[in-house]
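Colleague: Sharing a structure here in structure tokens format.
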Amino acid sequence: MSHAKQADAAGKAPLITVEGVNKRFGDHHVLVDVSTHFNAGEVAVIIGASGSGKSTLLRTLNRLETHDSGRIVVDGIVVDDNAKHLDALRAEVGMVFQQFNLFPHLSALENVALAPRRVRKLDRAAALERAASLLDRVGLKAHQHKHPFQLSGGQQQRVAIARALAMQPRVMLFDEPTSALDPEMVKEVLDVMKALAREGMTMIVVTHEMGFAREVGDRILFFDRGRIACDAPPEQFFDRQDNDRIRAFLGQVAH
Amino acid sequence: MNGLHSIWPKHWSRQANSSATMALAAALMLLILWLMAIPMAHAPEPIGNNAQQFAEGTRVTVQLTLVAGLSGVLLGVLAALGKLSKVALLRWVAATYIWIMRGTPLLVQVLFVYFALPAIFPALRMSDFASASIALALNVGAYNAEAIRAGLLAVPKGQIEAARSLGLNRWFTFIDVTFPQAFKISLPPLVNNIVALLKDSSLAYAIGVVELTNVGNRIQAATFQPVATLITTATIYLLLTTVMTQFSTAVERRFDVEGKLA
């Protein structure tokens, strides 16, 4: 699967380009001269210790964090403070958060239908219809009229994925989507993400789920102290790893 | 006091229950305003023969509260947004407004709008009712601002990030995501402010608005029967605040999707 997709993407401009990006939180240099790119149809998995900058990079891609220097281009849109650029950018980039961040005052259906109505100007009936079919796709048809507080963590995260998909984004960003879940709910969320990957969705996933990274990832990026310390296909990353720090990290998360 | 909401069938949904309660409370309020003179006319003197005046004064009191209350909520939202603005000038304007309105007596504000404003700007000469409405709105707006600001600050940052990441612009993020959640949190203190406003509207008496307190005091002065007239006046206020509280409790229940209220 991964090789076919990479071949397909070859020759085209990357969907996302990151060039020399730096970011500081006060004295803490979170992103140090980060350069990379992400191709359409590719599943990139970002791993690394907490505080290594992996979530920050993800959040700079749709300007939830600003970067201090460098250049980020997503699908031809330069990521900067231009409000028109930003709204266009964010409509193309779906994001799933660790804490789900569903809107608690809206039902699952309304959560999913809101942005298509407001941003894509879909009428209410069409937006609700699309929302219902997306909730069906993530296995929540029976729960579509419930409010977030009535749903389990795994169900809430699946609603959040459907909500991001409703905007028909070019790329989906996942920021530790299973880290806040009870163990028995991790699988149902990963299954939805695997199905998405099989359908060819471009995904950038920050996670600690090594099984998922190995099985679904086309590329593994390892973040260490604000730098991309390794960028390799999963077989090479997990089985032929020659970096001692990464081997130590993999040894720790394996237990 | 028991809520109106407990009179409906148990199997009604929360929405149906709160809608019915809101409708009933609003209907009660209108009935009081239209028809209160009819039963009051049967009361002994000095109430019965002055029932029509009491009714008229009550209507003026409710009108003042409604006009000042609605504008006050709008002013409160604007001032709260001003105080949370990234623009230093807007923060300063909002903070100064709240500082002055909370730091000076409402009675002075009522007198100022009626007497002093037209002395400075002749174009601002207004009726006693309009002056009182403006002073009350400005005053309650300052208190509302702090209630609404607290609500806005209580909405988690992740909510705004989620909305923005979906491509919602700042306006829709505010209207669809931030404000509904903030309003729910702000509602109890807002209701406090509006109940206080209903009673404080009696200060319009000072510039000659013929509202409920003014009516009560005129009648007690004319009849030398302060006990009956002032008890009647107070009872009408109590009735109005009670119906108003029932209405606002129903609004609160309507927003209570999570069923936190008993």
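FYI, nothing fancy with the structure tokens labels: chains A, B, ... in order, residues from 1 per chain, ligands from 1 as they appear.
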Enumerate as a ChimeraX atom specification the residues belonging to chain B that approach chain A to within 6 Å, with only C-alpha atoms taken into account.

Modeller: /B:158-159,165-167

Colleague: Would you save the residues of that selection, restricted to N, CA, C and O atoms, as a JSON list (two decimals), in the first residue's frame?

Modeller:
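Okay, this is what ended up in result29.json:
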[["chain", "number", "residue", "atom", "x", "y", "z"],
["B", 158, "GLY", "N", -9.60, 25.01, 24.29],
["B", 158, "GLY", "CA", -9.72, 23.95, 23.29],
["B", 158, "GLY", "C", -10.98, 24.09, 22.44],
["B", 158, "GLY", "O", -11.00, 23.66, 21.28],
["B", 159, "GLN", "N", -12.04, 24.67, 23.01],
["B", 159, "GLN", "CA", -13.27, 24.89, 22.26],
["B", 159, "GLN", "C", -13.03, 25.85, 21.10],
["B", 159, "GLN", "O", -13.50, 25.64, 19.98],
["B", 165, "SER", "N", -10.07, 25.49, 14.03],
["B", 165, "SER", "CA", -9.43, 24.48, 13.18],
["B", 165, "SER", "C", -10.41, 23.93, 12.15],
["B", 165, "SER", "O", -10.00, 23.35, 11.15],
["B", 166, "LEU", "N", -11.72, 24.11, 12.38],
["B", 166, "LEU", "CA", -12.70, 23.68, 11.40],
["B", 166, "LEU", "C", -12.91, 24.75, 10.32],
["B", 166, "LEU", "O", -13.70, 24.56, 9.39],
["B", 167, "GLY", "N", -12.25, 25.88, 10.47],
["B", 167, "GLY", "CA", -12.38, 26.95, 9.48],
["B", 167, "GLY", "C", -13.44, 27.97, 9.83],
["B", 167, "GLY", "O", -13.70, 28.88, 9.05]]

Colleague: Could I get the residues of stretch 4-56 of chain A with an atom no further than 12 Å from an atom of stretch 247-250 of chain A, each paired with its nearest atom pair and that distance in Å to one decimal, using only C-alpha atoms, sorted by chain and residue number, as JSON lines?

Modeller:
{"residue": "A:Ile47", "atom": "CA", "partner": "A:Phe249", "partner_atom": "CA", "distance": 9.8}
{"residue": "A:Gly48", "atom": "CA", "partner": "A:Phe249", "partner_atom": "CA", "distance": 7.7}
{"residue": "A:Ala49", "atom": "CA", "partner": "A:Phe249", "partner_atom": "CA", "distance": 7.6}
{"residue": "A:Ser50", "atom": "CA", "partner": "A:Phe249", "partner_atom": "CA", "distance": 11.2}

Colleague: Would you write out those residues with C-alpha atoms, as a PDB file, in the first residue's frame?

Modeller:
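Final output, out14.pdb:
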ATOM      1  CA  ILE A  47       6.740  10.140  17.633  1.00  0.00           C
ATOM      2  CA  GLY A  48       9.078  11.335  20.345  1.00  0.00           C
ATOM      3  CA  ALA A  49       9.252  12.120  24.048  1.00  0.00           C
ATOM      4  CA  SER A  50       6.812  14.654  25.482  1.00  0.00           C
TER       5      SER A  50
END

Colleague: Need the shell around B:Lys184: protein/DNA/RNA residues with any atom at most 12 Å away, counting only C-alpha atoms. Skip same-chain ones fewer than 5 positions apart. Format as a PyMOL selection string?

Modeller: (chain A and resi 104-105) or (chain B and resi 147-148+150-152+154-155+177-179+189-191+248-249+251-258)

Colleague: Once DSSP has gone over the backbone, tell me which residues of stretch 10-146 of chain A are in strand (DSSP E), as a PyMOL selection string.

Modeller: chain A and resi 16-25+28-38+43-48+69-74+77-78+93-96

Colleague: Emit the selected residues as a short mmCIF file (atom, residue, chain, number, x, y, z; two decimals), in the first residue's frame, including N, CA, C and O atoms.

Modeller:
data_model
loop_
_atom_site.label_atom_id
_atom_site.label_comp_id
_atom_site.auth_asym_id
_atom_site.auth_seq_id
_atom_site.Cartn_x
_atom_site.Cartn_y
_atom_site.Cartn_z
N ILE A 16 2.35 19.51 1.75
CA ILE A 16 2.77 20.43 2.81
C ILE A 16 4.28 20.55 2.78
O ILE A 16 4.99 19.54 2.73
N THR A 17 4.79 21.78 2.78
CA THR A 17 6.22 22.00 2.84
C THR A 17 6.55 22.80 4.10
O THR A 17 5.91 23.81 4.37
N VAL A 18 7.52 22.32 4.85
CA VAL A 18 8.00 23.02 6.05
C VAL A 18 9.46 23.33 5.84
O VAL A 18 10.24 22.42 5.57
N GLU A 19 9.84 24.62 5.90
CA GLU A 19 11.22 25.01 5.58
C GLU A 19 11.81 25.84 6.71
O GLU A 19 11.34 26.95 6.97
N GLY A 20 12.80 25.31 7.36
CA GLY A 20 13.57 26.07 8.36
C GLY A 20 12.73 26.71 9.45
O GLY A 20 12.93 27.87 9.80
N VAL A 21 11.77 25.95 10.00
CA VAL A 21 10.85 26.52 10.98
C VAL A 21 11.46 26.50 12.38
O VAL A 21 11.97 25.49 12.84
N ASN A 22 11.40 27.67 13.03
CA ASN A 22 11.85 27.80 14.41
C ASN A 22 10.70 28.30 15.27
O ASN A 22 9.87 29.09 14.81
N LYS A 23 10.68 27.84 16.51
CA LYS A 23 9.64 28.29 17.44
C LYS A 23 10.21 28.27 18.85
O LYS A 23 10.84 27.28 19.26
N ARG A 24 10.02 29.36 19.56
CA ARG A 24 10.47 29.42 20.95
C ARG A 24 9.29 29.73 21.85
O ARG A 24 8.44 30.55 21.53
N PHE A 25 9.21 29.01 22.99
CA PHE A 25 8.33 29.42 24.08
C PHE A 25 9.24 30.00 25.14
O PHE A 25 9.85 29.26 25.91
N HIS A 28 12.66 28.36 25.91
CA HIS A 28 12.63 26.99 25.41
C HIS A 28 12.53 27.00 23.89
O HIS A 28 11.56 27.49 23.32
N HIS A 29 13.55 26.48 23.23
CA HIS A 29 13.57 26.41 21.76
C HIS A 29 12.86 25.13 21.33
O HIS A 29 13.46 24.06 21.30
N VAL A 30 11.56 25.22 21.02
CA VAL A 30 10.74 24.02 20.82
C VAL A 30 10.96 23.40 19.44
O VAL A 30 10.97 22.18 19.31
N LEU A 31 11.07 24.25 18.42
CA LEU A 31 11.32 23.74 17.08
C LEU A 31 12.61 24.38 16.58
O LEU A 31 12.73 25.60 16.55
N VAL A 32 13.57 23.54 16.20
CA VAL A 32 14.89 24.03 15.80
C VAL A 32 15.10 23.74 14.32
O VAL A 32 15.35 22.60 13.95
N ASP A 33 14.96 24.78 13.49
CA ASP A 33 15.25 24.63 12.06
C ASP A 33 14.62 23.39 11.44
O ASP A 33 15.30 22.63 10.75
N VAL A 34 13.34 23.21 11.66
CA VAL A 34 12.68 22.01 11.16
C VAL A 34 12.34 22.17 9.68
O VAL A 34 11.69 23.15 9.30
N SER A 35 12.78 21.26 8.87
CA SER A 35 12.42 21.23 7.45
C SER A 35 11.96 19.82 7.09
O SER A 35 12.65 18.85 7.42
N THR A 36 10.82 19.73 6.44
CA THR A 36 10.35 18.44 5.95
C THR A 36 9.21 18.70 4.98
O THR A 36 8.85 19.86 4.72
N HIS A 37 8.65 17.65 4.44
CA HIS A 37 7.45 17.85 3.60
C HIS A 37 6.56 16.63 3.73
O HIS A 37 7.01 15.54 4.17
N PHE A 38 5.31 16.81 3.42
CA PHE A 38 4.34 15.72 3.50
C PHE A 38 3.63 15.63 2.16
O PHE A 38 3.16 16.64 1.63
N VAL A 43 0.69 8.65 4.99
CA VAL A 43 0.44 8.66 6.43
C VAL A 43 1.78 8.83 7.13
O VAL A 43 2.61 7.93 7.10
N ALA A 44 1.99 10.01 7.73
CA ALA A 44 3.23 10.27 8.45
C ALA A 44 2.92 10.19 9.93
O ALA A 44 1.98 10.78 10.40
N VAL A 45 3.74 9.41 10.64
CA VAL A 45 3.53 9.27 12.08
C VAL A 45 4.69 9.96 12.79
O VAL A 45 5.86 9.69 12.48
N ILE A 46 4.35 10.87 13.70
CA ILE A 46 5.38 11.61 14.43
C ILE A 46 5.44 11.08 15.85
O ILE A 46 4.41 11.06 16.55
N ILE A 47 6.61 10.62 16.26
CA ILE A 47 6.74 10.14 17.63
C ILE A 47 7.91 10.86 18.29
O ILE A 47 8.67 11.59 17.66
N GLY A 48 8.02 10.67 19.60
CA GLY A 48 9.08 11.33 20.35
C GLY A 48 8.62 11.56 21.77
O GLY A 48 7.44 11.42 22.08
N SER A 69 10.14 31.80 12.78
CA SER A 69 10.80 32.02 11.49
C SER A 69 10.63 30.76 10.65
O SER A 69 10.21 29.72 11.15
N GLY A 70 10.98 30.88 9.38
CA GLY A 70 10.80 29.76 8.47
C GLY A 70 9.51 29.93 7.69
O GLY A 70 8.83 30.95 7.81
N ARG A 71 9.19 28.90 6.89
CA ARG A 71 8.07 29.03 5.98
C ARG A 71 7.30 27.72 5.93
O ARG A 71 7.88 26.64 5.86
N ILE A 72 5.97 27.82 6.01
CA ILE A 72 5.12 26.63 5.90
C ILE A 72 4.10 26.89 4.79
O ILE A 72 3.46 27.94 4.78
N VAL A 73 3.99 25.96 3.85
CA VAL A 73 3.01 26.09 2.77
C VAL A 73 2.15 24.83 2.76
O VAL A 73 2.68 23.72 2.73
N VAL A 74 0.85 25.00 2.85
CA VAL A 74 -0.07 23.87 2.85
C VAL A 74 -0.97 23.99 1.62
O VAL A 74 -1.74 24.94 1.51
N ILE A 77 -1.17 27.27 0.11
CA ILE A 77 -1.53 28.40 0.96
C ILE A 77 -0.38 28.65 1.94
O ILE A 77 0.02 27.75 2.69
N VAL A 78 0.15 29.87 1.93
CA VAL A 78 1.22 30.21 2.87
C VAL A 78 0.61 30.40 4.25
O VAL A 78 -0.38 31.12 4.42
N VAL A 93 -7.67 21.73 6.28
CA VAL A 93 -6.87 20.92 7.21
C VAL A 93 -7.75 20.49 8.39
O VAL A 93 -8.16 21.32 9.18
N GLY A 94 -8.04 19.21 8.48
CA GLY A 94 -8.83 18.72 9.61
C GLY A 94 -7.94 18.46 10.80
O GLY A 94 -6.78 18.08 10.63
N MET A 95 -8.48 18.69 12.01
CA MET A 95 -7.63 18.42 13.18
C MET A 95 -8.42 17.67 14.24
O MET A 95 -9.58 17.97 14.50
N VAL A 96 -7.75 16.68 14.83
CA VAL A 96 -8.36 15.90 15.91
C VAL A 96 -7.48 16.06 17.14
O VAL A 96 -6.26 15.91 17.04
#

Colleague: Find the residues near A:Val159: any atom within 7 Å, counting only C-alpha atoms, skip ones fewer than 4 places away on the same chain, and give them as number ranges by chain.

Modeller: A: 108, 135, 155, 163

Colleague: Applying 7 Å and only C-alpha atoms, which residues near stretch 196-212 of chain B remain after dropping the ones on its own chain fewer than 3 positions away? List them as a PyMOL selection string.

Modeller: chain B and resi 54+57-58+60-61+64-65+107+110-111+128-129+132+140+192-193+215-216+233

Colleague: What lies within 9 Å of B:Ala20 using only C-alpha atoms, ignoring chain neighbours under 5 positions off, as a PDB file with C-alpha atoms, in the first residue's frame?

Modeller:
ATOM      1  CA  HIS B   5     -41.254  23.576  36.200  1.00  0.00           C
ATOM      2  CA  TRP B   8     -45.661  19.472  34.140  1.00  0.00           C
ATOM      3  CA  GLN B  15     -36.859  21.210  26.458  1.00  0.00           C
ATOM      4  CA  ALA B  25     -44.302  32.655  33.077  1.00  0.00           C
ATOM      5  CA  ALA B 250     -36.668  27.879  32.894  1.00  0.00           C
TER       6      ALA B 250
END

Colleague: Pick out the residues sitting within 6 Å of stretch 229-240 of chain A, and hand them over as a list in words; count only C-alpha atoms, and ignore anything fewer than 5 positions along from it in its own chain.

Modeller: Arg214, Asp218, Arg219, Ile220, Leu221, Phe222, Phe223 and Asp224 of chain A

Colleague: Deliver the residues from the most recent selection as a file, using all heavy atoms, as a PDB file, in the first residue's frame.

Modeller:
ATOM      1  N   ARG A 214       3.668   1.385  13.126  1.00  0.00           N
ATOM      2  CA  ARG A 214       4.304   0.354  12.302  1.00  0.00           C
ATOM      3  C   ARG A 214       3.355  -0.161  11.221  1.00  0.00           C
ATOM      4  O   ARG A 214       3.741  -0.334  10.063  1.00  0.00           O
ATOM      5  CB  ARG A 214       4.720  -0.806  13.213  1.00  0.00           C
ATOM      6  CG  ARG A 214       5.433  -1.938  12.504  1.00  0.00           C
ATOM      7  CD  ARG A 214       5.574  -3.117  13.432  1.00  0.00           C
ATOM      8  NE  ARG A 214       6.665  -2.960  14.396  1.00  0.00           N
ATOM      9  CZ  ARG A 214       7.901  -3.431  14.180  1.00  0.00           C
ATOM     10  NH1 ARG A 214       8.189  -4.054  13.068  1.00  0.00           N
ATOM     11  NH2 ARG A 214       8.837  -3.270  15.081  1.00  0.00           N
ATOM     12  N   ASP A 218       3.420   5.338   6.625  1.00  0.00           N
ATOM     13  CA  ASP A 218       4.310   5.243   5.476  1.00  0.00           C
ATOM     14  C   ASP A 218       5.691   5.737   5.864  1.00  0.00           C
ATOM     15  O   ASP A 218       6.701   5.350   5.290  1.00  0.00           O
ATOM     16  CB  ASP A 218       3.781   6.101   4.318  1.00  0.00           C
ATOM     17  CG  ASP A 218       2.448   5.587   3.811  1.00  0.00           C
ATOM     18  OD1 ASP A 218       2.341   4.376   3.548  1.00  0.00           O
ATOM     19  OD2 ASP A 218       1.507   6.394   3.693  1.00  0.00           O
ATOM     20  N   ARG A 219       5.694   6.668   6.842  1.00  0.00           N
ATOM     21  CA  ARG A 219       6.943   7.285   7.311  1.00  0.00           C
ATOM     22  C   ARG A 219       6.848   7.460   8.811  1.00  0.00           C
ATOM     23  O   ARG A 219       5.775   7.785   9.339  1.00  0.00           O
ATOM     24  CB  ARG A 219       7.053   8.695   6.741  1.00  0.00           C
ATOM     25  CG  ARG A 219       7.774   8.866   5.470  1.00  0.00           C
ATOM     26  CD  ARG A 219       7.463  10.247   4.964  1.00  0.00           C
ATOM     27  NE  ARG A 219       8.241  11.278   5.635  1.00  0.00           N
ATOM     28  CZ  ARG A 219       7.950  12.570   5.538  1.00  0.00           C
ATOM     29  NH1 ARG A 219       6.898  12.979   4.860  1.00  0.00           N
ATOM     30  NH2 ARG A 219       8.714  13.467   6.142  1.00  0.00           N
ATOM     31  N   ILE A 220       7.962   7.290   9.475  1.00  0.00           N
ATOM     32  CA  ILE A 220       8.010   7.614  10.899  1.00  0.00           C
ATOM     33  C   ILE A 220       8.981   8.783  11.070  1.00  0.00           C
ATOM     34  O   ILE A 220      10.128   8.705  10.607  1.00  0.00           O
ATOM     35  CB  ILE A 220       8.523   6.418  11.746  1.00  0.00           C
ATOM     36  CG1 ILE A 220       7.815   5.119  11.371  1.00  0.00           C
ATOM     37  CG2 ILE A 220       8.359   6.730  13.237  1.00  0.00           C
ATOM     38  CD1 ILE A 220       6.375   5.040  11.705  1.00  0.00           C
ATOM     39  N   LEU A 221       8.512   9.849  11.717  1.00  0.00           N
ATOM     40  CA  LEU A 221       9.406  10.955  12.043  1.00  0.00           C
ATOM     41  C   LEU A 221       9.625  10.950  13.539  1.00  0.00           C
ATOM     42  O   LEU A 221       8.663  10.948  14.299  1.00  0.00           O
ATOM     43  CB  LEU A 221       8.797  12.299  11.625  1.00  0.00           C
ATOM     44  CG  LEU A 221       8.727  12.587  10.125  1.00  0.00           C
ATOM     45  CD1 LEU A 221       7.447  12.035   9.532  1.00  0.00           C
ATOM     46  CD2 LEU A 221       8.830  14.081   9.883  1.00  0.00           C
ATOM     47  N   PHE A 222      10.885  10.924  13.943  1.00  0.00           N
ATOM     48  CA  PHE A 222      11.169  10.927  15.379  1.00  0.00           C
ATOM     49  C   PHE A 222      11.685  12.308  15.784  1.00  0.00           C
ATOM     50  O   PHE A 222      12.672  12.799  15.228  1.00  0.00           O
ATOM     51  CB  PHE A 222      12.215   9.858  15.721  1.00  0.00           C
ATOM     52  CG  PHE A 222      12.498   9.769  17.190  1.00  0.00           C
ATOM     53  CD1 PHE A 222      11.687   9.004  18.016  1.00  0.00           C
ATOM     54  CD2 PHE A 222      13.559  10.480  17.755  1.00  0.00           C
ATOM     55  CE1 PHE A 222      11.946   8.929  19.375  1.00  0.00           C
ATOM     56  CE2 PHE A 222      13.809  10.404  19.122  1.00  0.00           C
ATOM     57  CZ  PHE A 222      12.995   9.630  19.928  1.00  0.00           C
ATOM     58  N   PHE A 223      10.987  12.919  16.742  1.00  0.00           N
ATOM     59  CA  PHE A 223      11.371  14.246  17.220  1.00  0.00           C
ATOM     60  C   PHE A 223      12.218  14.110  18.468  1.00  0.00           C
ATOM     61  O   PHE A 223      11.877  13.370  19.386  1.00  0.00           O
ATOM     62  CB  PHE A 223      10.122  15.076  17.555  1.00  0.00           C
ATOM     63  CG  PHE A 223       9.777  16.054  16.483  1.00  0.00           C
ATOM     64  CD1 PHE A 223       9.150  15.627  15.331  1.00  0.00           C
ATOM     65  CD2 PHE A 223      10.071  17.404  16.642  1.00  0.00           C
ATOM     66  CE1 PHE A 223       8.836  16.521  14.331  1.00  0.00           C
ATOM     67  CE2 PHE A 223       9.757  18.305  15.648  1.00  0.00           C
ATOM     68  CZ  PHE A 223       9.133  17.879  14.496  1.00  0.00           C
ATOM     69  N   ASP A 224      13.329  14.859  18.477  1.00  0.00           N
ATOM     70  CA  ASP A 224      14.175  14.860  19.670  1.00  0.00           C
ATOM     71  C   ASP A 224      14.661  16.292  19.888  1.00  0.00           C
ATOM     72  O   ASP A 224      15.344  16.852  19.032  1.00  0.00           O
ATOM     73  CB  ASP A 224      15.357  13.900  19.459  1.00  0.00           C
ATOM     74  CG  ASP A 224      16.194  13.771  20.722  1.00  0.00           C
ATOM     75  OD1 ASP A 224      15.646  13.955  21.818  1.00  0.00           O
ATOM     76  OD2 ASP A 224      17.396  13.491  20.585  1.00  0.00           O
TER      77      ASP A 224
END

Colleague: Once DSSP has gone over the backbone, tell me which residues of stretch 11-235 of chain B are in alpha helix (DSSP H), as a PyMOL selection string.

Modeller: chain B and resi 14-35+37-40+51-83+88-103+106-111+117-120+128-154+157-165+170-172+179-200+212-223+226-235

Colleague: May I ask which of the residues A:Leu140, A:Ala195, A:Glu176, A:Val79 is the closest one to A:Thr60, counting only C-alpha atoms?

Modeller: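 Among the listed residues, A:Val79 lies closest to A:Thr60.
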
Colleague: Could you jot down the atom CA of A:Leu58 to atom CA of A:Gly153 separation for me, Å, one decimal place?

Modeller: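 According to the coordinates, atom CA of A:Leu58 and atom CA of A:Gly153 are separated by 22.2 Å.
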
Colleague: Between atom CA of A:Val171 and atom CA of A:Met203, measure the distance and give it in Å to one decimal.

Modeller: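 Rounded to one decimal, the two atoms are 5.7 Å apart.
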
Colleague: Could you state the separation of atom CA of B:Ile120 and atom CA of B:Trp92 in Å, given to one decimal place?

Modeller: 23.9 Å

Colleague: Return the single residue from B:Ala228, B:Val243, B:Lys260, B:Glu45 that is closest to B:Ile32, with distances computed using only C-alpha atoms.

Modeller: B:Val243
